[in-house]
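One structure below.
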There are 2 protein chains.
Amino acid sequence: MKQLFESYLFEKGLEGFPTVLYKPSLQIMKMKAKRLRPVLLLTACESFGGRIEDALDAACAIETYHNFTLVHDDIIDKADIRRGDATVHKIYGINKAILTGDVMLIHAFQLLNKVPRDKHYQLIELFEKTATEVIEGEQYDVDFEDVQEVTLDEYTNMIRLKTSVLLAASLKMGAVLGNASKNDVEKIYDFGLNLGLAFQIKDDYLDLFGNQKTFGKRIGGDILQNKKTYLLCTALKKADANQRKQIFNIFDMKDEEKKISNMLAMYQSLDVHTETERSMEAFDEIERKSANYFLKIQHFLIT
Amino acid sequence: MKQLFESYLFEKGLEGFPTVLYKPSLQIMKMKAKRLRPVLLLTACESFGGRIEDALDAACAIETYHNFTLVHDDIIDKADIRRGDATVHKIYGINKAILTGDVMLIHAFQLLNKVPRDKHYQLIELFEKTATEVIEGEQYDVDFEDVQEVTLDEYTNMIRLKTSVLLAASLKMGAVLGNASKNDVEKIYDFGLNLGLAFQIKDDYLDLFGNQKTFGKRIGGDILQNKKTYLLCTALKKADANQRKQIFNIFDMKDEEKKISNMLAMYQSLDVHTETERSMEAFDEIERKSANYFLKIQHFLIT
């Protein structure tokens, strides 16, 4: 599915791109990627009996939109490296990266025009709502860097907007294009939301409790950056006044090993990992309940 | 017309904007502005006998898109002031300005969804093509800063993309919404292109040959910045090898008064102002020829 998608993307999906901005767009679009969102979309379409060919343009739109967010987010996060390669603004400068992102966002809309005409209006409305939410989520994420405390509800809302809604919308668009029933279309959207939440919470969990080799990042990296994660928000929720003070003290620690071990000890005393595991399981449970609806997608996600 | 538009824009046009990005969007949308594009759109619609109410959302879309380009262009141009007020990135920082622009661009598409359904597809295609061209034009404009020479054709193409196509598309959208004939729709688009070109060339001309008081900017500002303008491109086209060398020498001059007077003398010896006046007149002539088609618009533009 991924291969089929990529060959269509590079053959048809980038047609009509302005020459002056074509290279930087290609730069990010050609990076090694899982293509999770388009594959979810195509799989959803197929699993409801739809034709893959009817969904390829929508899949390109979603992937182009996703890559647009990466171009602008990398500027915002001052990230020089993505997936092992230099980021667009690192190579071409911030100005070109801003304009490249802008054109990619418009191009995503242009790709959506190619979906079967009777579905166009429904898909474009969903896409616009989702696209706005993702940027709203990114803004909350940026804002969280400057505050000392984020509640668990605020954090969950942020990851819902920043990560989950685009997965959910990808599945929903595929379902619509596959002529799924209205009920199935709504169910698969909720499934996507829970999938996204479980995915993000697991990512936060593995940052501290994962195996460095399989996870691929440094264990405790989020703690070193004072990043607001599901673990930290849970800890702050459960902590008493004295423990909260200790957590804020850990924020200011300079010794990296000590910082990680102190925060880990705090999390353990507050039983943060159990609570986080429980949340992951709750979202996974909702996913499992949906599984009989979406056998093929479940199969894809497992394999 | 402007007042009618503004009251609709602030009452209905900003509905559904994400709270976290509402304030910076409002910041730019509420600045004092001519509202040239929406007024052109509404006037075109009305002059073909269409209902203004059917065109207000499209007018909001065009104005929101235009303001999105201002937010991102001000970041790119490092402009701290616009129309006498601090720019969005100056007040809220670059990160928020990038995301604000992104959301405004998507919001422009959302506003377009509200146009009468039978016109939606045609208008959205035109809007996407135009929106891409404007960004392409901005990229050329940025690129021109780093090269010593731009041909007159390259310059004209840049201002066509950066300025003219959006004026042309505003008129065309209004005409479509006013149920104009296919022929009129194409004619008014060309009229808008020529209007934009004449407008931009006149702007370049007035920078040097205008009256400081009425023009409102410092006379010769473009020369001090080595800006590629219609005047400079014309001069380079007409100059011989020796004169070209002199022009490039003027680029490096530090004394501001001397720099302006030297370049002015060079333009005069090359008869640049006559050639520029001829171009303005040529575009104005095409405009005048269209005038009998678009009496009301002509009237609006004059008054």
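Going through the structure tokens in order, the chains are called A, B, and so on, while each chain numbers its residues from 1 and the ligands are numbered from 1 in the order shown.
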Proximal residues of chain B relative to chain A (only C-alpha atoms; 6 Å) as a ChimeraX atom specification: /B:76,95,103,132
Could those selected residues go to a file with C-alpha atoms, as a JSON list (two decimals), in the first residue's frame?
```
[["chain", "number", "residue", "atom", "x", "y", "z"],
["B", 76, "ILE", "CA", 10.00, 37.49, 5.46],
["B", 95, "ASN", "CA", 6.21, 31.42, 15.75],
["B", 103, "VAL", "CA", -4.90, 29.33, 10.12],
["B", 132, "THR", "CA", -0.36, 29.66, -5.43]]
```
Using only C-alpha atoms, which residues sit within 7 Å of segment 279-286 of chain B once same-chain residues fewer than 6 positions away are excluded, as a count of residues only? 4
Please give the complete set of residues from segment 138-172 of chain A that DSSP, run on the backbone, assigns to helix (DSSP H, G or I), formatted as a PyMOL selection string. chain A and resi 138-144+152-172
Convert the current residue selection to file output with C-alpha atoms, as an mmCIF file, in the first residue's frame.
```cif
data_model
loop_
_atom_site.group_PDB
_atom_site.id
_atom_site.type_symbol
_atom_site.label_atom_id
_atom_site.label_comp_id
_atom_site.auth_asym_id
_atom_site.auth_seq_id
_atom_site.Cartn_x
_atom_site.Cartn_y
_atom_site.Cartn_z
ATOM 1 C CA GLU A 138 0.700 23.140 17.585
ATOM 2 C CA GLN A 139 0.050 26.580 19.085
ATOM 3 C CA TYR A 140 -0.925 25.032 22.448
ATOM 4 C CA ASP A 141 2.211 22.890 22.322
ATOM 5 C CA VAL A 142 4.334 26.007 21.767
ATOM 6 C CA ASP A 143 2.503 27.853 24.551
ATOM 7 C CA PHE A 144 3.090 24.971 26.973
ATOM 8 C CA LEU A 152 -3.778 16.596 32.282
ATOM 9 C CA ASP A 153 -6.930 17.790 30.514
ATOM 10 C CA GLU A 154 -5.057 20.581 28.751
ATOM 11 C CA TYR A 155 -2.341 18.148 27.733
ATOM 12 C CA THR A 156 -4.792 15.552 26.439
ATOM 13 C CA ASN A 157 -6.631 18.235 24.484
ATOM 14 C CA MET A 158 -3.349 19.396 22.945
ATOM 15 C CA ILE A 159 -2.314 15.915 21.734
ATOM 16 C CA ARG A 160 -5.847 15.276 20.506
ATOM 17 C CA LEU A 161 -5.571 18.386 18.323
ATOM 18 C CA LYS A 162 -1.935 18.063 17.333
ATOM 19 C CA THR A 163 -1.833 14.336 16.593
ATOM 20 C CA SER A 164 -5.137 12.489 16.862
ATOM 21 C CA VAL A 165 -7.531 14.478 14.697
ATOM 22 C CA LEU A 166 -5.420 14.039 11.554
ATOM 23 C CA LEU A 167 -5.221 10.259 12.037
ATOM 24 C CA ALA A 168 -8.962 10.210 12.706
ATOM 25 C CA ALA A 169 -9.708 12.373 9.668
ATOM 26 C CA SER A 170 -7.515 10.193 7.439
ATOM 27 C CA LEU A 171 -9.527 7.140 8.422
ATOM 28 C CA LYS A 172 -12.818 8.989 8.068
#
```
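For the atom pair formed by atom CA of Tyr65 of chain A and atom CA of Lys34 of chain A, the distance is 14.9 Å, given to one decimal.
Distances to Ala180 of chain A were evaluated for A:Ile91, A:Leu231, A:Leu14, A:Ala44 using only C-alpha atoms, and the minimum falls at A:Ala44.
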Among segment 79-272 of chain B, which residues carry a DSSP assignment of strand (DSSP E), reported as a ChimeraX atom specification? /B:81-82,85-86
Please, could you write that set of residues out with C-alpha atoms as a tab-separated table (two decimals), in the first residue's frame?
```tsv
chain	number	residue	atom	x	y	z
B	81	ILE	CA	5.51	48.39	10.99
B	82	ARG	CA	2.54	48.10	8.65
B	85	ASP	CA	0.88	49.72	13.48
B	86	ALA	CA	3.27	47.06	14.77
```
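When only C-alpha atoms are used to compute distances to Gln200 of chain A, the closest of the residues A:Tyr8, A:Phe251, A:Tyr267, A:Tyr230 turns out to be A:Tyr230.
The closest residue to Leu236 of chain B, picked from B:Ala79, B:Leu206, B:Leu26, B:Leu270 and counting only C-alpha atoms, is B:Leu270.
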Leaving out segment 207-212 of chain B and any residue of its chain fewer than 3 positions from it, which residues lie within 9 Å of it when counting only C-alpha atoms, given as an MDAnalysis selection string? chainID B and resid 202:204 215:223 260 264 273
Gap from atom CA of Ala59 of chain A to atom CA of Asp74 of chain A - Å, one decimal: 22.5 Å
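The residue that comes closest to Arg35 of chain A, out of A:His66, A:Lys78, A:Lys23, A:Lys2 and on the basis of only C-alpha atoms, is A:Lys2.
Counting only C-alpha atoms, the residue from B:Ser181, B:Gly192, B:Leu111, B:Ala175 that sits nearest to Leu36 of chain B is B:Gly192.
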